[in-house]
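Notes follow the structure.
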Amino acid sequence: MRDITILGITGSIGRTALRGISEFRDRIRIVAASCNSRIDEAIRLCLEFGIPNLCITDPHATVHCQNNNVRIWKSLNDMLRSVKADMVLNGIAGSPGLEASFQIMEAGSDLALANKESVVMGGNLLFEKARQCEVKIIPVDSEHSAIDELIIECGKKNVEKLVITASGGPFRNRPIEELDEITPEVAANHPTWNMGPKISIDSSTLANKGLEVIEAHYLFGFDAEHIEVVIHPQSVVHSMVRTRSGQVYAQMSPPDMVFPIMRALLWPEVDRQVGKALDFANLDLTFRALDPVRFPFVPDAFECVRLEGSYPIVYNTANEVAVDRFRNGRIKYTQIHDMVREMLDKDWSFCPSSLQDILDVQARVFSMMEG
């Protein structure tokens with residue numbers, strides 16, 4: 001039996017994990033969870049799945065529902081250290097997941113990482129911490145889970161390029177001159193994946209794909225020249241690798257996050273069916289080159305990979321601020337990238353050497369964008 005903690009239990013990652021785990025209750029026991037604000041829902045899920053510990057990370061939250069079967073924690077770090085888990089699924093949204101990733105590893109648990117910001121902002125420091133704590137980091141993003149599997153199968157020495165697929169989001173065919181008219185509600189409606197509003201907006205601008213380029217660089221040790229992005233609207237091919245011999249190998253499955261989540265939670269081997277099998281009866285797959293004018297976040301991300309320093313931190317932080325402003329009606333859709341580009345044009349060559357350094361850079365970006 002493997003003991004698992006789920007951070008962000010009411011989010012899309014957490015709820016999908018519960019769906020997958022429900023089929024593997026003979027293999028997995030959930031010992032703890034966290035939520036931020038949807039407390040009643042989180043407690044209901046804890047009772048349904050027999051989860052005895054719940055951390056509420058919002059310091060201003062009030063617990064309306066009391067139940068003796070669920071212990072409520074206010075400190076995530078205290079819960080992680082006190083409630084031992086073999087693996088922790090970090091499904092916290094956005095940059096708050098970074099500190100949680102460090103806390104998970106310091107508590108001695110392996111990290112199933114669905115929080116891409118941890119890798120983008122933590123960079124090499126994140127993996128150095130994993131080595132120090134002697135824990136594993138298993139990627140949960142569908143693209144990086146696919147690449148991880150393909151590298152294992154092909155052998156890293158035989159891989160020439162990583163090929164990350166992108167759906168292109170809901171506006172891949174919309175005339176560029178009409179992008180200013182896009183509302184937050186429309187941008188949050190992804191055509192393929194069921195996700196939260198922030199990541200759905202990132203998927204429409206392809207800022208999320210830029211984050212995944214940076215993530216792939218740090219996860220697998222490939223430089224910008226050996227990573228490429230291709231538009232694939234069906235989201236069935238989750239990523240590919242080009243081998244040195246010129247052959248291409250792909251990982252395919254229905255667009256359902258249950259596959260990479262359960263691969264991580266049952267690492268290193270899933271011994272029975274997860275989710276629905278891929279049906280080839282009516283399957284048409286298309287690919288096309290990415291348009292850097294329509295999707296400028298992607299070339300920006302490659303630039304961040306080349307420059308390193310604090311540029312990946314700035315890319316992520318500035319995008320979080322800009323998306324928040326767009327969601328609150330303060331800027332237009334196209335101004336999301338304009339704001340991020342303005343920050344990236346400054347000198348961010350400073351290379352952080354600690355978690356505090358990363359947080360300081362983040363705070364500086366927040367201050368500059370609010371000033």
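By order of appearance in the structure tokens: chains A, B, ..., then residues from 1 within every chain, and ligands from 1 in the order shown.
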
Query - All residues 10 Å or closer to Asn77 of chain A, only C-alpha atoms, same chain fewer than 6 positions away omitted, as a ChimeraX atom specification - result: /A:55,99-100,102-104,106-107

**Report entry** Residue contacts of Tyr333 of chain A (7 Å, only C-alpha atoms) excluding same-chain residues fewer than 3 positions away, as a ChimeraX atom specification
**Finding:** /A:179-180,182,326,336

For the residues selected in the previous step, produce a file with C-alpha atoms as a tab-separated table (two decimals), in the first residue's frame.
chain	number	residue	atom	x	y	z
A	179	LEU	CA	-7.79	39.08	-30.60
A	180	ASP	CA	-8.37	42.38	-28.77
A	182	ILE	CA	-11.57	38.32	-26.56
A	326	PHE	CA	-6.99	40.52	-17.82
A	336	ILE	CA	-1.07	40.09	-21.54

Query raised in the report: Taking only C-alpha atoms into account, which of A:Asn68, A:Thr317, A:Thr57, A:Gln335 comes nearest Leu359 of chain A?
Result: A:Thr317

Report task. Work out how far atom CA of Val163 of chain A is from atom CA of Met240 of chain A, in Å to one decimal. Result ->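 These atoms are spaced 4.9 Å apart.
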
Query raised in the report: Can you tell me, as a ChimeraX atom specification, what residues are no more than 9 Å from Lys157 of chain A when counting only C-alpha atoms, ignoring any on the same chain fewer than 4 positions away?
Result: /A:151,243-244

Can you spit out the residues from that selection as a compact mmCIF listing (two decimals), in the first residue's frame, using C-alpha atoms?
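Result file is out18.txt:
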# COMPACT_ATOMS: atom_id res chain seq x y z
CA ILE A 151 13.31 8.91 -22.98
CA THR A 243 16.15 10.12 -32.26
CA ARG A 244 19.64 10.65 -33.66

**Report entry** Residues near Ile21 of chain A, cut-off 9 Å, only C-alpha atoms, skip fewer than 5 positions along chain, as an MDAnalysis selection string
**Finding:** chainID A and resid 16 27:30 262 265

Report task. Enumerate, as a VMD selection string, the complete set of residues in segment 40-251 of chain A that a backbone-based DSSP assignment places in strand (DSSP E or B). Result -> chain A and resid 53 to 56 71 to 73 87 to 90 110 to 113 137 to 139 159 to 166 227 to 231 237 to 243 248 to 251

Segment 234-270 of chain A near segment 111-125 of chain A within 12 Å: what's each residue's closest atom pair and its distance in Å to one decimal, counting only C-alpha atoms, ordered by chain then ascending residue number, as CSV?
residue,atom,partner,partner_atom,distance
A:Met257,CA,A:Ala114,CA,10.1
A:Val258,CA,A:Ala114,CA,11.8
A:Pro260,CA,A:Ala114,CA,9.4
A:Ile261,CA,A:Ala112,CA,7.9
A:Met262,CA,A:Ala112,CA,9.7
A:Arg263,CA,A:Ala112,CA,9.4
A:Ala264,CA,A:Ala112,CA,5.8
A:Leu265,CA,A:Ala112,CA,6.8
A:Leu266,CA,A:Ala112,CA,10.0
A:Trp267,CA,A:Ala112,CA,9.3
A:Pro268,CA,A:Ala112,CA,11.8

Query raised in the report: For Arg272 of chain A, which residue among A:Gly246, A:Phe259, A:Ser34, A:Ile9 is the nearest when counting only C-alpha atoms?
Result: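 Answer, going by the shortest atom-to-atom distance: A:Phe259.
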
Closest atom pairs, residues of segment 109-203 of chain A within 12 Å of segment 218-239 of chain A, only C-alpha atoms, as JSON lines:
{"residue": "A:Leu113", "atom": "CA", "partner": "A:Leu219", "partner_atom": "CA", "distance": 11.0}
{"residue": "A:Lys116", "atom": "CA", "partner": "A:Leu219", "partner_atom": "CA", "distance": 10.4}
{"residue": "A:Glu117", "atom": "CA", "partner": "A:Tyr218", "partner_atom": "CA", "distance": 11.7}
{"residue": "A:Ser118", "atom": "CA", "partner": "A:Tyr218", "partner_atom": "CA", "distance": 10.7}
{"residue": "A:Val119", "atom": "CA", "partner": "A:Tyr218", "partner_atom": "CA", "distance": 6.9}
{"residue": "A:Val120", "atom": "CA", "partner": "A:Tyr218", "partner_atom": "CA", "distance": 7.8}
{"residue": "A:Met121", "atom": "CA", "partner": "A:Tyr218", "partner_atom": "CA", "distance": 10.2}
{"residue": "A:Gly122", "atom": "CA", "partner": "A:Tyr218", "partner_atom": "CA", "distance": 9.2}
{"residue": "A:Gly123", "atom": "CA", "partner": "A:Tyr218", "partner_atom": "CA", "distance": 5.9}
{"residue": "A:Asn124", "atom": "CA", "partner": "A:Tyr218", "partner_atom": "CA", "distance": 6.5}
{"residue": "A:Leu125", "atom": "CA", "partner": "A:Tyr218", "partner_atom": "CA", "distance": 9.9}
{"residue": "A:Leu126", "atom": "CA", "partner": "A:Tyr218", "partner_atom": "CA", "distance": 9.3}
{"residue": "A:Phe127", "atom": "CA", "partner": "A:Leu219", "partner_atom": "CA", "distance": 8.3}
{"residue": "A:Glu128", "atom": "CA", "partner": "A:Tyr218", "partner_atom": "CA", "distance": 11.2}
{"residue": "A:Ala130", "atom": "CA", "partner": "A:Leu219", "partner_atom": "CA", "distance": 12.0}
{"residue": "A:Lys136", "atom": "CA", "partner": "A:Leu219", "partner_atom": "CA", "distance": 11.7}
{"residue": "A:Ile137", "atom": "CA", "partner": "A:Leu219", "partner_atom": "CA", "distance": 9.0}
{"residue": "A:Ile138", "atom": "CA", "partner": "A:Leu219", "partner_atom": "CA", "distance": 9.5}
{"residue": "A:Pro139", "atom": "CA", "partner": "A:Leu219", "partner_atom": "CA", "distance": 8.2}
{"residue": "A:Val140", "atom": "CA", "partner": "A:Leu219", "partner_atom": "CA", "distance": 11.6}
{"residue": "A:Asp141", "atom": "CA", "partner": "A:His238", "partner_atom": "CA", "distance": 9.5}
{"residue": "A:Ser142", "atom": "CA", "partner": "A:His238", "partner_atom": "CA", "distance": 6.2}
{"residue": "A:Glu143", "atom": "CA", "partner": "A:His238", "partner_atom": "CA", "distance": 5.1}
{"residue": "A:His144", "atom": "CA", "partner": "A:Ser239", "partner_atom": "CA", "distance": 7.6}
{"residue": "A:Ser145", "atom": "CA", "partner": "A:His238", "partner_atom": "CA", "distance": 8.6}
{"residue": "A:Ala146", "atom": "CA", "partner": "A:Ser239", "partner_atom": "CA", "distance": 5.8}
{"residue": "A:Ile147", "atom": "CA", "partner": "A:Ser239", "partner_atom": "CA", "distance": 6.1}
{"residue": "A:Asp148", "atom": "CA", "partner": "A:Phe220", "partner_atom": "CA", "distance": 8.0}
{"residue": "A:Glu149", "atom": "CA", "partner": "A:Ser239", "partner_atom": "CA", "distance": 10.0}
{"residue": "A:Leu150", "atom": "CA", "partner": "A:Ser239", "partner_atom": "CA", "distance": 8.7}
{"residue": "A:Ile151", "atom": "CA", "partner": "A:Phe220", "partner_atom": "CA", "distance": 8.9}
{"residue": "A:Ile152", "atom": "CA", "partner": "A:Phe220", "partner_atom": "CA", "distance": 11.2}
{"residue": "A:Gly155", "atom": "CA", "partner": "A:Phe220", "partner_atom": "CA", "distance": 11.9}
{"residue": "A:Lys156", "atom": "CA", "partner": "A:Phe220", "partner_atom": "CA", "distance": 8.8}
{"residue": "A:Lys157", "atom": "CA", "partner": "A:Phe222", "partner_atom": "CA", "distance": 11.3}
{"residue": "A:Val159", "atom": "CA", "partner": "A:His226", "partner_atom": "CA", "distance": 9.3}
{"residue": "A:Glu160", "atom": "CA", "partner": "A:His226", "partner_atom": "CA", "distance": 6.6}
{"residue": "A:Lys161", "atom": "CA", "partner": "A:His226", "partner_atom": "CA", "distance": 4.5}
{"residue": "A:Leu162", "atom": "CA", "partner": "A:Ile227", "partner_atom": "CA", "distance": 4.8}
{"residue": "A:Val163", "atom": "CA", "partner": "A:Glu228", "partner_atom": "CA", "distance": 5.0}
{"residue": "A:Ile164", "atom": "CA", "partner": "A:Val229", "partner_atom": "CA", "distance": 4.8}
{"residue": "A:Thr165", "atom": "CA", "partner": "A:Val230", "partner_atom": "CA", "distance": 5.0}
{"residue": "A:Ala166", "atom": "CA", "partner": "A:Ile231", "partner_atom": "CA", "distance": 4.8}
{"residue": "A:Ser167", "atom": "CA", "partner": "A:Pro233", "partner_atom": "CA", "distance": 4.0}
{"residue": "A:Gly168", "atom": "CA", "partner": "A:Ile231", "partner_atom": "CA", "distance": 5.8}
{"residue": "A:Gly169", "atom": "CA", "partner": "A:Pro233", "partner_atom": "CA", "distance": 7.7}
{"residue": "A:Pro170", "atom": "CA", "partner": "A:Pro233", "partner_atom": "CA", "distance": 9.4}
{"residue": "A:Phe171", "atom": "CA", "partner": "A:Pro233", "partner_atom": "CA", "distance": 11.1}
{"residue": "A:Arg172", "atom": "CA", "partner": "A:Pro233", "partner_atom": "CA", "distance": 9.0}
{"residue": "A:Asn173", "atom": "CA", "partner": "A:Pro233", "partner_atom": "CA", "distance": 10.9}
{"residue": "A:His190", "atom": "CA", "partner": "A:Pro233", "partner_atom": "CA", "distance": 11.3}
{"residue": "A:Pro191", "atom": "CA", "partner": "A:Pro233", "partner_atom": "CA", "distance": 9.0}
{"residue": "A:Thr192", "atom": "CA", "partner": "A:Ser235", "partner_atom": "CA", "distance": 7.2}
{"residue": "A:Trp193", "atom": "CA", "partner": "A:Ser235", "partner_atom": "CA", "distance": 8.7}
{"residue": "A:Ser203", "atom": "CA", "partner": "A:Pro233", "partner_atom": "CA", "distance": 11.8}

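If only C-alpha atoms are the atoms counted, then among A:Met1, A:Ala207, A:Val314, A:Ala187 the closest residue to Phe297 of chain A is A:Ala207.
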
Query - Using only C-alpha atoms: which of A:Lys198, A:Lys84, A:Lys346, A:Lys276 has the shortest distance to Val31 of chain A - result: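 Checking each of A:Lys198, A:Lys84, A:Lys346, A:Lys276 against Val31 of chain A, counting only C-alpha atoms, the winner is A:Lys84.
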
Query raised in the report: Interatomic distance between atom CA of Glu320 of chain A and atom CA of Arg288 of chain A?
Result: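 If I compute the distance from atom CA of Glu320 of chain A to atom CA of Arg288 of chain A, I get 28.1 Å.
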
Query raised in the report: In segment 140-264 of chain A, what's alpha helix (DSSP H) per DSSP? Answer as JSON, numbers by chain?
Result: {"A": [142, 143, 144, 145, 146, 147, 148, 149, 150, 151, 152, 153, 154, 184, 185, 186, 187, 197, 198, 199, 200, 201, 202, 203, 204, 205, 207, 208, 209, 210, 211, 212, 213, 214, 215, 216, 217, 218, 219, 220, 258, 259, 260, 261, 262, 263, 264]}

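The space between atom CA of Thr5 of chain A and atom CA of Ile56 of chain A spans 13.7 Å.
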
Which residues, written as a PDB file with C-alpha atoms, in the first residue's frame, have at least one atom at most 12 Å from Ala322 of chain A, with only C-alpha atoms counted and residues fewer than 2 positions away on the same chain left out?
ATOM      1  CA  LYS A 198      -5.821  30.784 -15.305  1.00  0.00           C
ATOM      2  CA  ILE A 201      -6.082  31.441 -20.505  1.00  0.00           C
ATOM      3  CA  ASP A 202      -2.405  30.426 -20.555  1.00  0.00           C
ATOM      4  CA  THR A 205      -1.997  32.476 -25.397  1.00  0.00           C
ATOM      5  CA  ALA A 207       2.122  30.966 -22.316  1.00  0.00           C
ATOM      6  CA  VAL A 314      10.199  36.816 -14.559  1.00  0.00           C
ATOM      7  CA  TYR A 315       8.381  35.082 -17.438  1.00  0.00           C
ATOM      8  CA  ASN A 316       6.181  33.159 -15.021  1.00  0.00           C
ATOM      9  CA  THR A 317       5.611  35.960 -12.510  1.00  0.00           C
ATOM     10  CA  ALA A 318       4.853  38.674 -15.065  1.00  0.00           C
ATOM     11  CA  ASN A 319       2.408  36.368 -16.813  1.00  0.00           C
ATOM     12  CA  GLU A 320       0.580  35.636 -13.549  1.00  0.00           C
ATOM     13  CA  ASP A 324      -4.907  38.422 -13.283  1.00  0.00           C
ATOM     14  CA  ARG A 325      -5.336  41.924 -14.708  1.00  0.00           C
ATOM     15  CA  PHE A 326      -6.994  40.522 -17.817  1.00  0.00           C
ATOM     16  CA  ARG A 327      -9.379  38.398 -15.751  1.00  0.00           C
ATOM     17  CA  ASN A 328     -10.326  41.522 -13.765  1.00  0.00           C
ATOM     18  CA  GLY A 329     -10.984  43.531 -16.928  1.00  0.00           C
ATOM     19  CA  ARG A 330      -8.044  45.909 -16.462  1.00  0.00           C
ATOM     20  CA  ILE A 331      -6.242  45.071 -19.721  1.00  0.00           C
ATOM     21  CA  LYS A 332      -7.062  43.603 -23.131  1.00  0.00           C
ATOM     22  CA  TYR A 333      -6.200  40.072 -24.161  1.00  0.00           C
ATOM     23  CA  THR A 334      -3.270  41.123 -26.363  1.00  0.00           C
ATOM     24  CA  GLN A 335      -1.827  43.239 -23.554  1.00  0.00           C
ATOM     25  CA  ILE A 336      -1.074  40.095 -21.537  1.00  0.00           C
ATOM     26  CA  HIS A 337       1.966  39.445 -23.699  1.00  0.00           C
ATOM     27  CA  ASP A 338       2.831  43.142 -23.964  1.00  0.00           C
ATOM     28  CA  MET A 339       3.183  43.354 -20.177  1.00  0.00           C
ATOM     29  CA  VAL A 340       5.336  40.228 -19.968  1.00  0.00           C
ATOM     30  CA  ARG A 341       7.561  41.335 -22.827  1.00  0.00           C
ATOM     31  CA  GLU A 342       8.097  44.706 -21.165  1.00  0.00           C
ATOM     32  CA  MET A 343       9.431  42.959 -18.049  1.00  0.00           C
ATOM     33  CA  VAL A 365       8.593  41.763 -10.392  1.00  0.00           C
ATOM     34  CA  PHE A 366       5.324  42.183  -8.476  1.00  0.00           C
ATOM     35  CA  MET A 369       4.411  45.813 -12.247  1.00  0.00           C
ATOM     36  CA  GLU A 370       2.253  47.381  -9.564  1.00  0.00           C
TER      37      GLU A 370
END

Requested in this report: Identify, on the basis of only C-alpha atoms, every residue whose closest approach to segment 45-54 of chain A does not exceed 8 Å; exclude the query and any residue fewer than 6 positions from it along the same chain; express the result as a list in words.
Outcome: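 The contact residues come out as Ile30, Val31, Ala32, Ala33, Ser34, Cys35, Asn69, Val70, Arg71, Ile72, Trp73 and Met79 of chain A.
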